[in-house]
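structure10.tsv follows; it contains TSV, C-alpha atoms.
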chain	number	residue	atom	x	y	z
A	27	MET	CA	32.61	22.07	11.07
A	28	SER	CA	31.06	20.60	7.91
A	29	ILE	CA	27.34	20.50	7.24
A	30	ALA	CA	27.36	16.72	7.73
A	31	GLN	CA	29.00	17.08	11.17
A	32	ALA	CA	26.60	19.85	12.13
A	33	LEU	CA	23.64	17.65	11.21
A	34	GLU	CA	24.94	14.75	13.30
A	35	ASN	CA	25.37	17.02	16.31
A	36	ILE	CA	21.72	18.10	16.43
A	37	GLY	CA	20.64	16.92	19.90
A	38	PHE	CA	18.00	14.31	19.24
A	39	LEU	CA	19.88	12.98	16.21
A	40	SER	CA	23.07	12.31	18.16
A	41	ASP	CA	20.99	10.58	20.89
A	42	PHE	CA	19.44	8.58	18.07
A	43	ALA	CA	22.78	7.48	16.61
A	44	ASP	CA	24.12	6.63	20.08
A	45	SER	CA	21.25	4.27	20.85
A	46	VAL	CA	21.96	0.64	19.98
A	47	LEU	CA	18.30	-0.15	19.35
A	48	VAL	CA	16.88	2.90	17.62
A	49	TYR	CA	18.89	2.67	14.37
A	50	PRO	CA	17.87	-0.98	13.64
A	51	ILE	CA	14.26	-0.21	14.64
A	52	VAL	CA	14.07	2.69	12.16
A	53	LEU	CA	15.81	0.55	9.51
A	54	SER	CA	13.29	-2.27	10.15
A	55	ILE	CA	10.41	0.18	9.67
A	56	HIS	CA	12.09	1.40	6.45
A	57	LEU	CA	12.26	-2.20	5.14
A	58	THR	CA	8.80	-3.32	6.34
A	59	ASP	CA	7.44	-0.28	4.54
A	60	ILE	CA	9.21	-1.44	1.34
A	61	ALA	CA	7.44	-4.80	1.65
A	62	LEU	CA	3.99	-3.39	2.39
A	63	PHE	CA	3.95	-0.59	-0.18
A	64	GLY	CA	6.60	-1.72	-2.67
A	65	GLY	CA	4.32	-4.69	-3.34
A	66	MET	CA	1.56	-2.25	-4.34
A	67	ILE	CA	3.85	-0.48	-6.81
A	68	LEU	CA	4.85	-3.83	-8.27
A	69	MET	CA	1.28	-5.11	-8.61
A	70	THR	CA	0.14	-1.83	-10.21
A	71	ASN	CA	2.94	-2.10	-12.77
A	72	LEU	CA	2.17	-5.77	-13.44
A	73	ARG	CA	-1.44	-4.75	-14.07
A	74	LEU	CA	-0.27	-2.08	-16.54
A	75	LEU	CA	1.80	-4.76	-18.30
A	76	GLY	CA	-1.28	-7.02	-18.45
A	77	LEU	CA	0.48	-9.77	-16.48
A	78	THR	CA	-2.00	-10.14	-13.61
A	79	PHE	CA	-5.21	-8.61	-12.17
A	80	LYS	CA	-6.61	-8.67	-15.71
A	81	SER	CA	-10.28	-8.43	-14.67
A	82	VAL	CA	-9.52	-5.53	-12.30
A	83	SER	CA	-9.73	-2.13	-14.01
A	84	ILE	CA	-6.56	-0.05	-14.20
A	85	THR	CA	-8.57	2.77	-12.62
A	86	GLN	CA	-9.43	0.70	-9.56
A	87	MET	CA	-5.86	-0.54	-9.27
A	88	VAL	CA	-4.34	2.95	-9.46
A	89	THR	CA	-6.91	4.96	-7.49
A	90	THR	CA	-7.58	2.62	-4.54
A	91	LEU	CA	-3.88	1.99	-3.94
A	92	ARG	CA	-2.78	5.62	-4.41
A	93	PRO	CA	-3.45	6.89	-0.84
A	94	TRP	CA	-1.60	3.88	0.63
A	95	LYS	CA	1.38	4.38	-1.67
A	96	ARG	CA	1.49	8.03	-0.59
A	97	LEU	CA	1.46	7.01	3.08
A	98	GLY	CA	4.16	4.41	2.33
A	99	GLY	CA	6.28	6.97	0.48
A	100	THR	CA	6.00	9.43	3.36
A	101	VAL	CA	7.16	6.77	5.84
A	102	GLN	CA	10.04	5.83	3.48
A	103	ILE	CA	11.27	9.41	3.23
A	104	GLY	CA	10.83	10.09	6.95
A	105	THR	CA	12.71	6.98	8.12
A	106	GLY	CA	15.28	7.35	5.31
A	107	LEU	CA	16.03	10.93	6.38
A	108	LEU	CA	16.49	9.86	10.01
A	109	LEU	CA	18.92	7.10	8.97
A	110	ALA	CA	20.94	9.35	6.65
A	111	VAL	CA	21.11	12.44	8.84
A	112	SER	CA	21.99	10.54	12.03
A	113	GLU	CA	25.11	9.21	10.29
A	114	ALA	CA	25.60	12.12	7.93
A	115	THR	CA	29.42	12.03	7.99
A	116	LYS	CA	29.33	8.39	6.82
A	117	TYR	CA	26.72	9.01	4.14
A	118	GLU	CA	28.19	12.21	2.77
A	119	PRO	CA	31.23	10.65	1.00
A	120	ASN	CA	29.36	7.43	0.06
A	121	PRO	CA	28.86	7.21	-3.74
A	122	TYR	CA	26.10	4.58	-3.40
A	123	PHE	CA	24.09	7.00	-1.28
A	124	TRP	CA	24.33	9.75	-3.91
A	125	THR	CA	23.53	7.27	-6.71
A	126	LYS	CA	20.43	6.34	-4.72
A	127	MET	CA	19.46	10.02	-4.42
A	128	ILE	CA	19.89	10.49	-8.19
A	129	ILE	CA	17.61	7.47	-8.77
A	130	LEU	CA	15.08	9.01	-6.38
A	131	GLY	CA	15.22	12.16	-8.52
A	132	LEU	CA	14.70	10.05	-11.66
A	133	ILE	CA	11.61	8.48	-10.05
A	134	GLY	CA	10.28	12.03	-9.66
A	135	VAL	CA	11.04	12.74	-13.33
A	136	HIS	CA	9.27	9.47	-14.27
A	137	ALA	CA	6.16	10.66	-12.41
A	138	LEU	CA	6.26	14.06	-14.15
A	139	ILE	CA	6.56	12.45	-17.59
A	140	PHE	CA	4.07	9.59	-17.24
A	141	ARG	CA	1.47	10.90	-14.81
A	142	PRO	CA	-0.59	12.85	-17.38
A	143	THR	CA	-0.76	10.07	-19.99
A	144	VAL	CA	-0.71	6.97	-17.78
A	145	TYR	CA	-1.44	7.23	-14.06
A	146	ASN	CA	-3.92	10.12	-14.32
A	147	ASN	CA	-5.42	8.82	-17.56
A	148	THR	CA	-6.64	5.41	-16.38
A	149	GLU	CA	-10.26	5.70	-17.53
A	150	ALA	CA	-9.17	6.18	-21.14
A	151	LEU	CA	-6.75	3.25	-20.76
A	152	ASP	CA	-9.56	1.03	-19.45
A	153	ARG	CA	-11.67	1.90	-22.50
A	154	SER	CA	-8.96	1.06	-25.06
A	155	ALA	CA	-8.81	-2.51	-26.32
A	156	VAL	CA	-5.04	-2.89	-26.06
A	157	ILE	CA	-2.64	-1.40	-23.52
A	158	PRO	CA	-0.61	1.27	-25.42
A	159	GLY	CA	3.17	0.90	-25.69
A	160	ARG	CA	3.93	4.02	-23.63
A	161	VAL	CA	2.03	2.49	-20.68
A	162	LYS	CA	4.24	-0.60	-20.80
A	163	VAL	CA	7.35	1.57	-21.09
A	164	ALA	CA	6.21	3.49	-17.98
A	165	ALA	CA	5.63	0.25	-16.05
A	166	ILE	CA	8.98	-1.30	-17.03
A	167	LEU	CA	10.91	1.90	-16.26
A	168	SER	CA	9.20	2.12	-12.89
A	169	LEU	CA	10.20	-1.47	-12.05
A	170	VAL	CA	13.80	-0.84	-13.17
A	171	LEU	CA	14.07	2.39	-11.15
A	172	TRP	CA	12.67	0.83	-7.94
A	173	THR	CA	14.96	-2.21	-8.30
A	174	ALA	CA	17.95	0.13	-8.68
A	175	MET	CA	16.67	2.09	-5.68
A	176	PHE	CA	16.65	-0.78	-3.17
A	177	THR	CA	19.87	-2.27	-4.62
A	178	MET	CA	21.72	1.03	-4.05
A	179	GLY	CA	20.15	1.23	-0.59
A	180	ARG	CA	21.66	-2.13	0.32
A	181	MET	CA	25.03	-1.25	-1.26
A	182	ILE	CA	25.38	1.85	0.96
A	183	ALA	CA	26.46	-0.51	3.76
A	184	TYR	CA	29.25	-1.98	1.63
A	185	TRP	CA	31.19	1.15	0.73
A	186	GLU	CA	34.49	1.48	2.56
A	187	GLY	CA	35.74	5.00	2.07
B	10	MET	CA	29.66	-32.16	4.83
B	11	LEU	CA	32.10	-32.15	1.92
B	12	LEU	CA	29.50	-30.66	-0.40
B	13	GLN	CA	28.69	-28.05	2.20
B	14	SER	CA	32.31	-26.95	2.61
B	15	ALA	CA	32.80	-26.87	-1.16
B	16	LEU	CA	29.76	-24.62	-1.42
B	17	VAL	CA	31.02	-22.37	1.35
B	18	ASP	CA	34.42	-22.04	-0.33
B	19	ALA	CA	32.72	-21.05	-3.57
B	20	LEU	CA	30.68	-18.45	-1.69
B	21	ASN	CA	33.64	-17.02	0.21
B	22	ASP	CA	35.83	-16.71	-2.87
B	23	ARG	CA	33.43	-14.23	-4.39
B	24	GLU	CA	32.90	-11.19	-2.30
B	25	TRP	CA	29.98	-9.98	-4.41
B	26	VAL	CA	27.92	-13.09	-3.60
B	27	PHE	CA	26.80	-11.88	-0.17
B	28	PRO	CA	25.59	-8.40	-1.25
B	29	LEU	CA	23.97	-9.89	-4.38
B	30	ALA	CA	22.16	-12.49	-2.29
B	31	GLU	CA	21.05	-9.71	0.08
B	32	CYS	CA	19.58	-7.71	-2.82
B	33	VAL	CA	17.72	-10.77	-4.13
B	34	HIS	CA	16.52	-11.39	-0.57
B	35	ILE	CA	15.18	-7.81	-0.21
B	36	GLY	CA	13.63	-7.72	-3.70
B	37	GLY	CA	12.10	-11.14	-3.08
B	38	PHE	CA	10.48	-10.27	0.22
B	39	ALA	CA	9.22	-6.96	-1.18
B	40	VAL	CA	7.35	-8.96	-3.84
B	41	GLY	CA	6.38	-11.92	-1.61
B	42	VAL	CA	5.32	-10.02	1.49
B	43	GLY	CA	3.98	-7.15	-0.62
B	44	SER	CA	1.63	-9.44	-2.52
B	45	ILE	CA	0.42	-11.00	0.74
B	46	ALA	CA	-0.04	-7.49	2.21
B	47	LEU	CA	-2.16	-6.47	-0.77
B	48	LEU	CA	-4.56	-9.32	0.03
B	49	ASP	CA	-4.51	-8.26	3.69
B	50	PHE	CA	-5.41	-4.68	2.70
B	51	ARG	CA	-8.37	-6.07	0.76
B	52	MET	CA	-9.45	-8.25	3.71
B	53	LEU	CA	-9.29	-5.12	5.87
B	54	ASN	CA	-11.49	-3.35	3.29
B	55	LEU	CA	-8.78	-0.75	2.66
B	56	ALA	CA	-8.27	-1.22	-1.10
B	57	LEU	CA	-9.70	-2.94	-4.21
B	58	ARG	CA	-13.12	-3.30	-2.58
B	59	GLN	CA	-14.85	-4.19	-5.85
B	60	GLU	CA	-12.95	-7.48	-6.03
B	61	SER	CA	-13.40	-10.45	-3.71
B	62	PRO	CA	-10.43	-11.47	-1.53
B	63	ALA	CA	-10.55	-14.88	-3.25
B	64	ARG	CA	-9.93	-13.20	-6.59
B	65	ILE	CA	-7.05	-11.09	-5.22
B	66	LEU	CA	-5.56	-14.31	-3.84
B	67	ARG	CA	-5.84	-15.97	-7.24
B	68	TYR	CA	-4.07	-13.05	-8.95
B	69	THR	CA	-1.28	-12.75	-6.40
B	70	GLU	CA	-0.53	-16.31	-5.29
B	71	LEU	CA	1.80	-17.22	-8.15
B	72	TRP	CA	3.88	-14.07	-7.47
B	73	THR	CA	3.85	-14.76	-3.74
B	74	VAL	CA	5.09	-18.34	-4.09
B	75	ALA	CA	7.69	-17.53	-6.78
B	76	ALA	CA	9.07	-14.63	-4.73
B	77	LEU	CA	9.18	-16.65	-1.51
B	78	ILE	CA	11.22	-19.34	-3.30
B	79	PHE	CA	13.76	-16.64	-4.27
B	80	VAL	CA	13.76	-15.33	-0.68
B	81	ILE	CA	14.39	-18.79	0.78
B	82	PHE	CA	17.17	-19.63	-1.69
B	83	SER	CA	18.94	-16.30	-1.23
B	84	GLY	CA	18.46	-16.60	2.54
B	85	PHE	CA	20.02	-20.05	2.49
B	86	THR	CA	22.97	-18.64	0.51
B	87	LEU	CA	23.44	-15.90	3.12
B	88	PHE	CA	23.26	-18.46	5.92
B	89	LEU	CA	25.78	-20.84	4.33
B	90	SER	CA	28.35	-18.15	3.62
B	91	GLN	CA	28.33	-16.95	7.25
B	92	SER	CA	26.88	-19.99	9.06
B	93	HIS	CA	29.32	-19.75	12.00
B	94	ILE	CA	27.98	-16.26	12.74
B	95	TYR	CA	24.31	-17.14	12.29
B	96	LEU	CA	24.61	-20.21	14.51
B	97	ILE	CA	25.71	-18.18	17.53
B	98	ASN	CA	23.31	-15.31	16.83
B	99	GLN	CA	20.55	-14.99	19.45
B	100	ILE	CA	18.00	-13.33	17.19
B	101	PHE	CA	18.40	-15.60	14.15
B	102	PRO	CA	16.62	-18.70	15.63
B	103	ILE	CA	13.72	-16.48	16.77
B	104	LYS	CA	13.43	-15.15	13.22
B	105	MET	CA	13.34	-18.71	11.88
B	106	TYR	CA	10.51	-19.70	14.28
B	107	VAL	CA	8.49	-16.60	13.37
B	108	LEU	CA	9.14	-17.28	9.66
B	109	ALA	CA	7.95	-20.88	10.03
B	110	ALA	CA	4.81	-19.61	11.80
B	111	ALA	CA	4.21	-16.95	9.12
B	112	LEU	CA	4.58	-19.47	6.26
B	113	LEU	CA	2.37	-22.06	7.96
B	114	TYR	CA	-0.26	-19.42	8.75
B	115	ASN	CA	-0.17	-18.03	5.21
B	116	PHE	CA	-0.78	-21.33	3.49
B	117	THR	CA	-3.43	-22.59	5.95
B	118	ILE	CA	-5.66	-20.19	7.92
B	119	HIS	CA	-4.95	-17.07	5.83
B	120	ARG	CA	-5.63	-18.79	2.51
B	121	LYS	CA	-8.71	-20.57	3.84
B	122	VAL	CA	-10.36	-17.38	5.14
B	123	ALA	CA	-9.44	-15.44	1.96
B	124	ARG	CA	-11.30	-18.10	-0.06
B	125	MET	CA	-14.48	-18.07	2.07
B	126	ASP	CA	-17.56	-16.75	0.32
B	127	HIS	CA	-18.96	-14.68	3.16
B	128	PRO	CA	-16.62	-14.64	6.18
B	129	SER	CA	-17.68	-12.38	9.04
B	130	PRO	CA	-15.86	-9.02	8.73
B	131	ALA	CA	-14.37	-9.54	12.20
B	132	LEU	CA	-12.84	-12.87	11.18
B	133	SER	CA	-11.51	-11.56	7.87
B	134	LYS	CA	-10.00	-8.47	9.51
B	135	SER	CA	-8.38	-10.25	12.42
B	136	VAL	CA	-6.86	-12.86	10.09
B	137	ALA	CA	-5.39	-10.04	7.95
B	138	ILE	CA	-3.97	-8.19	10.98
B	139	VAL	CA	-2.28	-11.33	12.31
B	140	SER	CA	-0.78	-11.87	8.83
B	141	LEU	CA	0.62	-8.31	8.68
B	142	LEU	CA	2.02	-8.62	12.22
B	143	LEU	CA	3.71	-11.98	11.50
B	144	TRP	CA	5.43	-10.73	8.33
B	145	THR	CA	6.44	-7.45	9.97
B	146	ALA	CA	8.02	-9.50	12.77
B	147	VAL	CA	9.97	-11.55	10.19
B	148	VAL	CA	11.42	-8.36	8.60
B	149	PHE	CA	12.34	-6.93	12.03
B	150	GLY	CA	13.94	-10.29	12.89
B	151	GLY	CA	16.08	-10.10	9.74
B	152	ILE	CA	17.38	-6.60	10.49
B	153	PHE	CA	18.01	-7.38	14.17
B	154	THR	CA	19.93	-10.53	13.22
B	155	GLY	CA	22.36	-8.18	11.49
B	156	PHE	CA	22.58	-5.67	14.34
B	157	LEU	CA	22.58	-7.73	17.53
B	158	GLU	CA	24.69	-10.74	18.37

Target encoding structure tokens, full file:
Amino acid sequence: MSIAQALENIGFLSDFADSVLVYPIVLSIHLTDIALFGGMILMTNLRLLGLTFKSVSITQMVTTLRPWKRLGGTVQIGTGLLLAVSEATKYEPNPYFWTKMIILGLIGVHALIFRPTVYNNTEALDRSAVIPGRVKVAAILSLVLWTAMFTMGRMIAYWEG
Amino acid sequence: MLLQSALVDALNDREWVFPLAECVHIGGFAVGVGSIALLDFRMLNLALRQESPARILRYTELWTVAALIFVIFSGFTLFLSQSHIYLINQIFPIKMYVLAAALLYNFTIHRKVARMDHPSPALSKSVAIVSLLLWTAVVFGGIFTGFLE
């Protein structure tokens, strides 16, 4: 038995996959969470690009939204894991799923690279007269990565192995 | 009728149209609903407390409206390319009623209370909670349209 099959056979997960209602409910939570917290990521990046929220400090934007983005990210990963593991044999050969996981890894790399100079350095950014180029690069890359993320998520359903 | 069937043929000839429209639909509602939710979080006193809700509304409304236009256009594309399926779907009309209610609410009561100078906290918070519930219901309606017949 493969790892994917073994995962699917875990008791509560097979009950989960067998239920007609539970899968769409978890998927709906996954997508509602994208709307509620994805919007915060977008607005933070638009602020970094100087496109909106101009009178709001970058510090306020980043620090007051941070706990909610963390909560949103936790819900994303929790519901995403349930969806993937309950149908592990379908996800395992799906190239869109693995592309999505690579993008998720790149989002982690993005955080490691830009956190010290951008997201944890907001007070210095608020003091400077112009928004530095690396901040705009961070914001644009973040938008590109998240767009790729939800696009690959949707494409998972279209792969016919 | 003729225009409609010509449109449908164009949609059906290109198998990438449906998934592309779905991605625009998801990206659009993430921006549209997300920007509304940000205002709701402010009205609930959960974020950006130093700014007034009226100011958050002013900063987000252009993004909200632009995104909702993308959502409606992509949604219409999805509907046209599979209209025979949507028309017999039992969840789809419910989603449309909830969507109409959410849009009407957003551009009337929600906007009005967000612009008030000193609304009572109870009013502001209940208006924000109703907004979040309506939009959550619309997203659930969209997923369930795809899963139930």

Identify the residues within 12 Å of coordinate (-7.5, -4.1, -14.1) (same frame as the file), considering only C-alpha atoms, and give the answer as an MDAnalysis selection string.
(chainID A and resid 69:90 148:149 151:153 157) or (chainID B and resid 57 59:60 65 68)

At what distance in Å, to one decimal, does CA of Leu62 in chain A lie from CA of Ser83 in chain B?
20.1 Å

Nearest to chain A: which of B:Gly84, B:Pro130, B:Gly37, B:Gly43 is it, counting only C-alpha atoms?
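Checking each candidate against chain A, we get B:Gly43 as the closest.
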
Between B:Leu47, B:Phe27, B:Ile103, B:Val139, which one has atoms that come closest to chain A, using only C-alpha atoms?
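Closest residue, counting only C-alpha atoms: B:Leu47.
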
Contacts from chain A to chain B, 8 Å maximum, all atoms listed in the file: show me the residue list as JSON, numbers by chain.
{"A": [50, 51, 53, 54, 55, 57, 58, 60, 61, 62, 63, 64, 65, 66, 68, 69, 78, 79, 82, 86, 87, 90, 91, 173, 176, 177, 180, 181, 184]}

Correct to one decimal, the distance CA of Trp172 in chain A-CA of Trp124 in chain A is 15.2 Å

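If you look at CA of Glu186 in chain A and CA of Ala174 in chain A, they are 20.0 Å away from each other.
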